[in-house]
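Here is the file upload.cif (mmCIF, C-alpha atoms).
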```cif
data_entry
loop_
_atom_site.label_atom_id
_atom_site.label_comp_id
_atom_site.auth_asym_id
_atom_site.auth_seq_id
_atom_site.Cartn_x
_atom_site.Cartn_y
_atom_site.Cartn_z
CA MET A 805 0.00 0.00 0.00
CA THR A 806 1.44 3.36 -1.05
CA GLU A 807 1.64 6.04 1.58
CA ILE A 808 1.95 9.75 0.85
CA VAL A 809 3.40 12.17 3.38
CA HIS A 810 1.50 15.46 3.66
CA ARG A 811 2.47 18.61 5.53
CA VAL A 812 -0.44 19.99 7.56
CA LEU A 813 -0.40 23.56 8.85
CA LEU A 814 -1.53 24.15 12.44
CA PHE A 815 -2.75 27.29 14.19
CA ALA A 816 -3.59 28.65 17.64
CA ALA A 817 -4.31 25.91 20.23
CA LEU A 818 -3.46 23.14 17.75
CA ARG A 819 -0.01 24.61 17.20
CA GLU A 820 0.54 24.76 20.95
CA ARG A 821 -0.58 21.15 21.44
CA ALA A 822 1.74 19.92 18.70
CA GLY A 823 4.61 22.19 19.68
CA ALA A 824 5.14 23.11 16.02
CA PRO A 825 3.47 25.18 13.27
CA SER A 826 3.04 22.11 11.06
CA VAL A 827 3.18 18.31 11.16
CA GLN A 828 4.05 15.60 8.65
CA VAL A 829 1.37 12.92 8.27
CA ALA A 830 1.64 9.69 6.24
CA VAL A 831 -1.66 8.69 4.63
CA ALA A 832 -2.46 5.65 2.49
CA ALA A 833 -3.37 6.52 -1.08
CA PRO A 834 -5.84 7.56 -2.38
CA VAL A 835 -5.93 10.39 0.13
CA THR A 836 -9.16 12.07 1.19
CA VAL A 837 -9.83 14.54 3.99
CA ALA A 838 -11.48 11.78 6.02
CA ARG A 839 -8.41 9.55 5.69
CA LEU A 840 -6.12 12.43 6.54
CA LEU A 841 -8.02 13.17 9.75
CA GLU A 842 -7.97 9.51 10.71
CA ALA A 843 -4.21 9.40 10.15
CA ILE A 844 -3.66 12.55 12.21
CA GLY A 845 -5.63 11.05 15.09
CA LEU A 846 -3.58 7.84 15.02
CA GLN A 847 -0.15 9.37 14.47
CA LEU A 848 -0.60 12.43 16.68
CA PRO A 849 -2.74 11.41 19.69
CA ARG A 850 -2.28 14.81 21.34
CA LEU A 851 -4.39 16.30 18.55
CA ALA A 852 -7.01 13.54 18.39
CA SER A 853 -9.54 15.03 20.81
CA ALA A 854 -9.58 18.32 18.88
CA LEU A 855 -10.23 16.84 15.43
CA PRO A 856 -14.05 16.59 15.68
CA HIS A 857 -14.13 20.36 16.27
CA CYS A 858 -11.89 21.27 13.33
CA ARG A 859 -12.32 21.87 9.62
CA VAL A 860 -9.81 21.23 6.86
CA ALA A 861 -8.77 23.76 4.24
CA VAL A 862 -7.05 22.72 1.02
CA ALA A 863 -5.53 25.45 -1.14
CA GLN A 864 -7.05 27.97 1.31
CA GLU A 865 -10.63 26.77 0.85
CA PHE A 866 -12.77 24.72 3.24
CA VAL A 867 -13.44 21.22 1.90
CA ASP A 868 -15.66 18.24 2.74
CA LEU A 869 -14.58 14.88 4.15
CA ASP A 870 -14.68 13.19 0.73
CA HIS A 871 -12.47 15.81 -0.92
CA ALA A 872 -9.46 14.24 -2.68
CA ILE A 873 -6.04 15.55 -1.63
CA ASP A 874 -3.20 15.60 -4.15
CA PRO A 875 0.53 15.53 -3.37
CA GLY A 876 1.80 19.05 -2.80
CA ASP A 877 -1.59 20.52 -1.84
CA GLU A 878 -1.43 23.15 0.89
CA ILE A 879 -3.40 21.68 3.78
CA ALA A 880 -4.44 23.47 6.96
CA LEU A 881 -6.22 22.10 10.00
CA ILE A 882 -8.55 24.89 11.12
CA PRO A 883 -9.67 24.96 14.77
CA PRO A 884 -12.90 26.76 15.67
CA VAL A 885 -12.42 30.46 15.03
CA SER A 886 -13.03 33.13 17.63
CA GLY A 887 -14.49 35.02 15.67
CA GLY A 888 -5.28 45.46 2.81
CA HIS A 889 -6.91 43.42 0.10
CA ASP A 890 -9.86 44.39 -2.05
CA GLY A 891 -8.92 48.03 -1.61
CA ALA A 892 -9.56 49.40 1.88
CA ARG A 893 -12.70 47.30 2.35
CA VAL A 894 -11.12 44.12 3.69
CA LYS A 895 -7.91 44.04 5.68
CA LEU A 896 -5.96 42.55 8.55
CA SER A 897 -3.88 44.97 10.58
CA GLN A 898 -1.17 44.90 13.21
CA VAL A 899 -1.95 48.54 14.14
CA LYS A 900 -4.99 50.25 15.61
CA LEU A 901 -8.17 50.16 13.54
CA SER A 902 -10.03 53.27 12.41
CA THR A 903 -13.81 53.35 12.26
CA ASP A 904 -13.56 56.39 9.99
CA GLU A 905 -11.44 54.42 7.53
CA ALA A 906 -14.00 51.59 7.38
CA ILE A 907 -16.84 54.07 6.89
CA ALA A 908 -14.92 55.86 4.14
CA ALA A 909 -14.54 52.52 2.31
CA VAL A 910 -18.34 52.13 1.97
CA LEU A 911 -19.45 55.75 1.75
CA ALA A 912 -21.05 56.82 -1.55
CA PRO A 913 -23.70 59.33 -2.65
CA GLY A 914 -26.30 56.58 -3.18
CA ARG A 915 -25.80 55.02 0.27
CA GLY A 916 -27.87 56.97 2.75
CA GLY A 917 -27.57 54.47 5.58
CA ILE A 918 -24.23 53.56 7.18
CA ALA A 919 -24.13 51.07 10.07
CA THR A 920 -21.02 50.04 11.97
CA PHE A 921 -20.05 47.42 14.51
CA CYS A 922 -16.93 47.72 16.66
CA GLY A 923 -15.77 44.90 18.91
CA HIS A 924 -13.57 46.02 21.81
CA VAL A 925 -11.46 44.08 24.30
CA ARG A 926 -13.36 43.88 27.59
CA ARG A 927 -11.95 43.59 31.09
CA SER A 928 -13.75 40.39 32.16
CA SER A 929 -14.64 37.16 30.37
CA ARG A 930 -16.31 34.01 31.74
CA GLY A 931 -15.62 35.09 35.31
CA HIS A 932 -11.93 35.90 34.76
CA GLU A 933 -10.12 39.23 34.66
CA VAL A 934 -8.55 39.69 31.23
CA ALA A 935 -5.04 41.14 31.04
CA TYR A 936 -4.88 41.33 27.24
CA LEU A 937 -5.80 39.42 24.06
CA GLU A 938 -3.70 37.99 21.25
CA TYR A 939 -5.13 37.41 17.77
CA GLU A 940 -3.57 35.34 15.02
CA ALA A 941 -4.80 34.31 11.58
CA TYR A 942 -4.17 32.01 8.67
CA GLU A 943 -3.73 35.25 6.78
CA PRO A 944 -4.06 34.35 3.08
CA MET A 945 -7.18 32.29 3.72
CA ALA A 946 -8.60 34.78 6.22
CA LEU A 947 -8.43 37.59 3.68
CA ALA A 948 -9.98 35.41 0.97
CA VAL A 949 -12.86 34.39 3.25
CA MET A 950 -13.41 38.00 4.34
CA VAL A 951 -13.67 39.06 0.70
CA ALA A 952 -16.13 36.20 0.08
CA ILE A 953 -18.25 37.24 3.07
CA ALA A 954 -18.38 40.85 1.91
CA SER A 955 -19.37 39.73 -1.59
CA ARG A 956 -22.02 37.34 -0.27
CA VAL A 957 -23.60 39.98 1.97
CA GLU A 958 -23.56 42.51 -0.86
CA ALA A 959 -25.36 40.01 -3.09
CA GLU A 960 -27.96 39.32 -0.39
CA VAL A 961 -28.68 42.90 0.70
CA SER A 962 -29.75 45.21 -2.11
CA GLY A 963 -27.33 48.07 -2.75
CA ALA A 964 -24.96 47.08 0.06
CA CYS A 965 -21.24 47.73 0.31
CA VAL A 966 -19.37 46.11 3.20
CA ALA A 967 -15.97 46.72 4.82
CA ILE A 968 -14.38 44.25 7.26
CA HIS A 969 -11.24 45.22 9.21
CA HIS A 970 -9.67 42.99 11.89
CA ARG A 971 -6.71 43.41 14.22
CA LEU A 972 -3.95 40.87 14.76
CA GLY A 973 -1.32 40.63 17.47
CA ARG A 974 -1.60 41.84 21.05
CA LEU A 975 -4.55 44.02 22.05
CA GLU A 976 -4.94 45.80 25.36
CA ILE A 977 -8.18 46.37 27.27
CA GLY A 978 -10.43 48.79 25.40
CA GLU A 979 -8.70 48.41 22.03
CA CYS A 980 -10.81 47.68 18.96
CA ALA A 981 -10.46 44.15 17.57
CA VAL A 982 -12.86 44.33 14.63
CA VAL A 983 -14.72 46.99 12.67
CA ILE A 984 -17.58 46.24 10.28
CA ALA A 985 -19.07 49.01 8.17
CA ALA A 986 -22.04 48.56 5.86
CA GLY A 987 -23.51 51.15 3.55
CA THR A 988 -26.89 50.79 1.80
CA PRO A 989 -29.53 53.13 0.36
CA HIS A 990 -31.64 52.81 3.54
CA ARG A 991 -30.92 52.18 7.24
CA SER A 992 -32.69 48.81 7.48
CA GLY A 993 -30.40 47.29 4.85
CA ALA A 994 -27.31 48.72 6.54
CA PHE A 995 -28.26 47.16 9.88
CA SER A 996 -28.94 43.78 8.22
CA ALA A 997 -25.71 43.80 6.22
CA CYS A 998 -23.64 44.71 9.26
CA ARG A 999 -25.14 41.87 11.33
CA LEU A 1000 -24.74 39.31 8.53
CA ALA A 1001 -21.10 40.26 8.06
CA ILE A 1002 -20.06 40.05 11.73
CA GLU A 1003 -21.89 36.75 12.29
CA ALA A 1004 -20.23 35.19 9.23
CA LEU A 1005 -16.82 36.53 10.26
CA LYS A 1006 -17.11 35.01 13.74
CA ARG A 1007 -18.21 31.68 12.24
CA ASP A 1008 -15.98 31.23 9.18
CA VAL A 1009 -12.83 33.36 9.13
CA PRO A 1010 -9.70 31.58 10.42
CA ILE A 1011 -8.78 34.12 13.08
CA TRP A 1012 -8.15 32.93 16.63
CA LYS A 1013 -8.25 34.74 19.96
CA ARG A 1014 -6.06 33.90 22.93
CA GLU A 1015 -7.30 35.33 26.22
CA VAL A 1016 -4.56 36.04 28.72
CA THR A 1017 -6.06 36.43 32.18
CA THR A 1018 -4.71 36.88 35.67
CA THR A 1019 -4.98 33.09 36.16
CA GLY A 1020 -3.71 31.75 32.85
CA ALA A 1021 -4.32 31.77 29.09
CA LEU A 1022 -6.86 30.09 26.82
CA TRP A 1023 -7.46 29.86 23.08
CA ILE A 1024 -11.14 30.67 22.58
CA GLY A 1025 -13.11 28.03 20.68
CA LEU A 1026 -11.04 24.91 21.14
CA GLY A 1027 -10.04 25.25 24.76
CA PRO A 1028 -6.86 24.12 26.53
#
```

Re-express the file's structure as structure tokens.
Amino acid sequence: MTEIVHRVLLFAALRERAGAPSVQVAVAAPVTVARLLEAIGLQLPRLASALPHCRVAVAQEFVDLDHAIDPGDEIALIPPVSGGHDGARVKLSQVKLSTDEAIAAVLAPGRGGIATFCGHVRRSSRGHEVAYLEYEAYEPMALAVMVAIASRVEAEVSGACVAIHHRLGRLEIGECAVVIAAGTPHRSGAFSACRLAIEALKRDVPIWKREVTTTGALWIGLGP
């Protein structure tokens, strides 16, 4: 039986469990996502309990269990997410975000309604006092998914234009982690587009949050 060795990228809590940013996994051909996950569970027991909560991305796109994997494919194991490309509308940033910049990206004479959402680092979380947060991303895929979300919301909400900006790195209490701006001809559409965009971002974009508290640290989504 022929085995093919694949390199699998790891992020956030998975990277910490493995002690490395990627792992090499031997899988019997023909290789599918389901077989890859089975092989990871057997060869890397420290990751096994996390696998049911993860998704797999191949060539920076989420794929199903029956998806065929070819030699040389870029493979990433994506843990649950915490929640400048395409002009200024979609970007990841290591510096402070500007609500005005996001609004400017969607402002136009025909858009009379502009809605924004800003997510800030709060002092307490789940009964613990937060010292600071750290965000990391699978950046090429995160940007691609953010563009797809903006496009999907714009197709769903008539006349909408959406901007999605997210911070990476260390954030202190009170700093802004994410800004969503949505512009539409009327206010109701702007509110709807803004909500759709932030909910999709929290669900689908491979960005992870590490909460550092006075009693320890935890990757949000997957757990310790």

Notebook entry, point to check: How far is it from CA of Leu841 (chain A) to CA of Arg956 (chain A), in Å with one decimal?
Noted result: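 Taking CA of Leu841 (chain A) as the start and CA of Arg956 (chain A) as the end point, the length is 29.7 Å.
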
Check: Suppose you want the space between CA of Ile918 (chain A) and CA of Arg991 (chain A); what is it in Å?
Finding: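 Interatomic distance here is 6.8 Å.
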
Checklist line | Expected selection from the PyMOL selection byres ((chain A and resi 876) around 12), given as a VMD selection string | finding: chain A and resid 808 to 812 835 862 to 863 873 to 875 877 to 879

Check: How many Å lie between CA of Ala912 (chain A) and CA of Thr988 (chain A), rounded to one decimal?
Finding: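 Between CA of Ala912 (chain A) and CA of Thr988 (chain A) the gap is 9.0 Å.
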
Notebook entry, point to check: Between A:Ile882, A:Arg927, A:Ala946, A:Leu840, which is the closest to Phe815 (chain A) once you count only C-alpha atoms?
Noted result: A:Ile882

Checklist line | Expansion of the PyMOL selection byres ((chain A and resi 846-856) around 8) into residues, as a PyMOL selection string | finding: chain A and resi 818+821-822+829+841-845+857-859+883+1026

Next item on the list: Report as a ChimeraX atom specification the full result of the PyMOL selection byres ((chain A and resi 869) around 10) when it is applied to this structure.
Entry: /A:836-841,859-860,867-868,870-872

Next item on the list: Please provide the set of residues having any atom within 10 Å of region 900-911 of chain A, restricted to all atoms listed in the file, with same-chain residues fewer than 2 positions apart removed, written as a ChimeraX atom specification.
Entry: /A:891-898,913-922,964-972,975,979-988

Check: Which polymer residues have any atom within 12 Å of an atom of Gly931 (chain A), counting all atoms listed in the file, with same-chain residues fewer than 2 positions away left out, as a list in words?
Finding: Arg926, Arg927, Ser928, Ser929, Glu933, Val934, Thr1017, Thr1018 and Thr1019 of chain A

If we count all atoms listed in the file and set the cut-off at 9 Å, which residues sit around Val1016 (chain A), ignoring sequence neighbours fewer than 3 positions away in its own chain? Please answer as an mmCIF file with C-alpha atoms, in the coordinates of the input.
```cif
data_model
loop_
_atom_site.group_PDB
_atom_site.id
_atom_site.type_symbol
_atom_site.label_atom_id
_atom_site.label_comp_id
_atom_site.auth_asym_id
_atom_site.auth_seq_id
_atom_site.Cartn_x
_atom_site.Cartn_y
_atom_site.Cartn_z
ATOM 1 C CA GLU A 933 -10.120 39.230 34.660
ATOM 2 C CA VAL A 934 -8.550 39.690 31.230
ATOM 3 C CA ALA A 935 -5.040 41.140 31.040
ATOM 4 C CA TYR A 936 -4.880 41.330 27.240
ATOM 5 C CA LEU A 937 -5.800 39.420 24.060
ATOM 6 C CA GLU A 938 -3.700 37.990 21.250
ATOM 7 C CA THR A 1019 -4.980 33.090 36.160
ATOM 8 C CA GLY A 1020 -3.710 31.750 32.850
ATOM 9 C CA ALA A 1021 -4.320 31.770 29.090
ATOM 10 C CA LEU A 1022 -6.860 30.090 26.820
ATOM 11 C CA TRP A 1023 -7.460 29.860 23.080
#
```

Note to self: Calculated over all atoms listed in the file, which of the candidates A:Glu820, A:Glu976, A:Glu943, A:Glu960 has the smallest distance to His924 (chain A)?
What the structure shows: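 Going through A:Glu820, A:Glu976, A:Glu943, A:Glu960 one by one, the smallest distance to His924 (chain A) is for A:Glu976.
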
What are the centre and the three edge lengths of an axis-aligned box that wraps all atoms of region 943-956 of chain A in the file, given that 3 Å is added to every side, written as lines of an AutoDock Vina configuration file and rounded to one decimal in Å?
```
center_x = -12.9
center_y = 36.6
center_z = 2.6
size_x = 24.3
size_y = 14.6
size_z = 14.4
```

Would you mind listing what lies within 10 Å of Ile953 (chain A) as a PDB file with C-alpha atoms, in the frame of the given file, with all atoms listed in the file counted and same-chain residues fewer than 2 positions away left out?
```
ATOM      1  CA  VAL A 894     -11.120  44.120   3.690  1.00  0.00           C
ATOM      2  CA  LEU A 947      -8.430  37.590   3.680  1.00  0.00           C
ATOM      3  CA  ALA A 948      -9.980  35.410   0.970  1.00  0.00           C
ATOM      4  CA  VAL A 949     -12.860  34.390   3.250  1.00  0.00           C
ATOM      5  CA  MET A 950     -13.410  38.000   4.340  1.00  0.00           C
ATOM      6  CA  VAL A 951     -13.670  39.060   0.700  1.00  0.00           C
ATOM      7  CA  SER A 955     -19.370  39.730  -1.590  1.00  0.00           C
ATOM      8  CA  ARG A 956     -22.020  37.340  -0.270  1.00  0.00           C
ATOM      9  CA  VAL A 957     -23.600  39.980   1.970  1.00  0.00           C
ATOM     10  CA  GLU A 958     -23.560  42.510  -0.860  1.00  0.00           C
ATOM     11  CA  ALA A 959     -25.360  40.010  -3.090  1.00  0.00           C
ATOM     12  CA  VAL A 966     -19.370  46.110   3.200  1.00  0.00           C
ATOM     13  CA  ALA A 967     -15.970  46.720   4.820  1.00  0.00           C
ATOM     14  CA  ILE A 968     -14.380  44.250   7.260  1.00  0.00           C
ATOM     15  CA  LEU A1000     -24.740  39.310   8.530  1.00  0.00           C
ATOM     16  CA  ALA A1001     -21.100  40.260   8.060  1.00  0.00           C
ATOM     17  CA  ILE A1002     -20.060  40.050  11.730  1.00  0.00           C
ATOM     18  CA  GLU A1003     -21.890  36.750  12.290  1.00  0.00           C
ATOM     19  CA  ALA A1004     -20.230  35.190   9.230  1.00  0.00           C
ATOM     20  CA  LEU A1005     -16.820  36.530  10.260  1.00  0.00           C
ATOM     21  CA  ASP A1008     -15.980  31.230   9.180  1.00  0.00           C
ATOM     22  CA  VAL A1009     -12.830  33.360   9.130  1.00  0.00           C
TER      23      VAL A1009
END
```

Return region 916-950 of chain A, completed with N, CA and C atoms, as a short mmCIF file (atom, residue, chain, number, x, y, z; two decimals), keeping the file's coordinate frame.
```cif
data_model
loop_
_atom_site.label_atom_id
_atom_site.label_comp_id
_atom_site.auth_asym_id
_atom_site.auth_seq_id
_atom_site.Cartn_x
_atom_site.Cartn_y
_atom_site.Cartn_z
N GLY A 916 -27.42 56.05 1.71
CA GLY A 916 -27.87 56.97 2.75
C GLY A 916 -27.79 56.41 4.15
N GLY A 917 -27.66 55.09 4.26
CA GLY A 917 -27.57 54.47 5.58
C GLY A 917 -26.22 53.81 5.77
N ILE A 918 -25.52 54.18 6.83
CA ILE A 918 -24.23 53.56 7.18
C ILE A 918 -24.34 53.01 8.60
N ALA A 919 -24.13 51.70 8.74
CA ALA A 919 -24.13 51.07 10.07
C ALA A 919 -22.74 50.51 10.35
N THR A 920 -22.32 50.58 11.59
CA THR A 920 -21.02 50.04 11.97
C THR A 920 -21.14 49.16 13.20
N PHE A 921 -20.21 48.22 13.30
CA PHE A 921 -20.05 47.42 14.51
C PHE A 921 -18.58 47.45 14.89
N CYS A 922 -18.30 47.73 16.15
CA CYS A 922 -16.93 47.72 16.66
C CYS A 922 -16.86 46.78 17.85
N GLY A 923 -15.97 45.81 17.79
CA GLY A 923 -15.77 44.90 18.91
C GLY A 923 -14.52 45.28 19.69
N HIS A 924 -14.68 45.56 20.99
CA HIS A 924 -13.57 46.02 21.81
C HIS A 924 -13.19 44.98 22.86
N VAL A 925 -11.95 45.00 23.28
CA VAL A 925 -11.46 44.08 24.30
C VAL A 925 -12.05 44.49 25.65
N ARG A 926 -12.74 43.56 26.30
CA ARG A 926 -13.36 43.88 27.59
C ARG A 926 -12.52 43.34 28.75
N ARG A 927 -12.76 43.90 29.91
CA ARG A 927 -11.95 43.59 31.09
C ARG A 927 -12.18 42.19 31.63
N SER A 928 -13.45 41.70 31.58
CA SER A 928 -13.75 40.39 32.16
C SER A 928 -14.35 39.47 31.11
N SER A 929 -14.11 38.17 31.29
CA SER A 929 -14.64 37.16 30.37
C SER A 929 -14.80 35.85 31.11
N ARG A 930 -16.02 35.30 31.10
CA ARG A 930 -16.31 34.01 31.74
C ARG A 930 -15.81 33.95 33.18
N GLY A 931 -15.98 35.05 33.91
CA GLY A 931 -15.62 35.09 35.31
C GLY A 931 -14.16 35.36 35.59
N HIS A 932 -13.36 35.64 34.56
CA HIS A 932 -11.93 35.90 34.76
C HIS A 932 -11.61 37.34 34.37
N GLU A 933 -10.59 37.89 35.00
CA GLU A 933 -10.12 39.23 34.66
C GLU A 933 -9.11 39.12 33.52
N VAL A 934 -9.40 39.77 32.41
CA VAL A 934 -8.55 39.69 31.23
C VAL A 934 -7.42 40.70 31.34
N ALA A 935 -6.19 40.24 31.06
CA ALA A 935 -5.04 41.14 31.04
C ALA A 935 -4.87 41.75 29.65
N TYR A 936 -4.95 40.89 28.63
CA TYR A 936 -4.88 41.33 27.24
C TYR A 936 -5.28 40.17 26.34
N LEU A 937 -5.47 40.44 25.05
CA LEU A 937 -5.80 39.42 24.06
C LEU A 937 -4.70 39.34 23.01
N GLU A 938 -4.59 38.16 22.40
CA GLU A 938 -3.70 37.99 21.25
C GLU A 938 -4.52 37.36 20.13
N TYR A 939 -4.44 37.95 18.94
CA TYR A 939 -5.13 37.41 17.77
C TYR A 939 -4.11 36.93 16.75
N GLU A 940 -4.38 35.78 16.15
CA GLU A 940 -3.57 35.34 15.02
C GLU A 940 -4.50 34.81 13.94
N ALA A 941 -3.98 34.72 12.72
CA ALA A 941 -4.80 34.31 11.58
C ALA A 941 -4.00 33.47 10.61
N TYR A 942 -4.69 32.65 9.88
CA TYR A 942 -4.17 32.01 8.67
C TYR A 942 -4.40 33.06 7.59
N GLU A 943 -3.45 33.98 7.43
CA GLU A 943 -3.73 35.25 6.78
C GLU A 943 -4.21 35.15 5.33
N PRO A 944 -3.56 34.38 4.46
CA PRO A 944 -4.06 34.35 3.08
C PRO A 944 -5.50 33.86 2.98
N MET A 945 -5.81 32.82 3.76
CA MET A 945 -7.18 32.29 3.72
C MET A 945 -8.14 33.25 4.41
N ALA A 946 -7.72 33.85 5.52
CA ALA A 946 -8.60 34.78 6.22
C ALA A 946 -9.03 35.93 5.32
N LEU A 947 -8.09 36.49 4.58
CA LEU A 947 -8.43 37.59 3.68
C LEU A 947 -9.37 37.12 2.58
N ALA A 948 -9.12 35.93 2.04
CA ALA A 948 -9.98 35.41 0.97
C ALA A 948 -11.40 35.18 1.48
N VAL A 949 -11.53 34.64 2.70
CA VAL A 949 -12.86 34.39 3.25
C VAL A 949 -13.56 35.71 3.58
N MET A 950 -12.82 36.69 4.06
CA MET A 950 -13.41 38.00 4.34
C MET A 950 -13.95 38.65 3.07
#
```
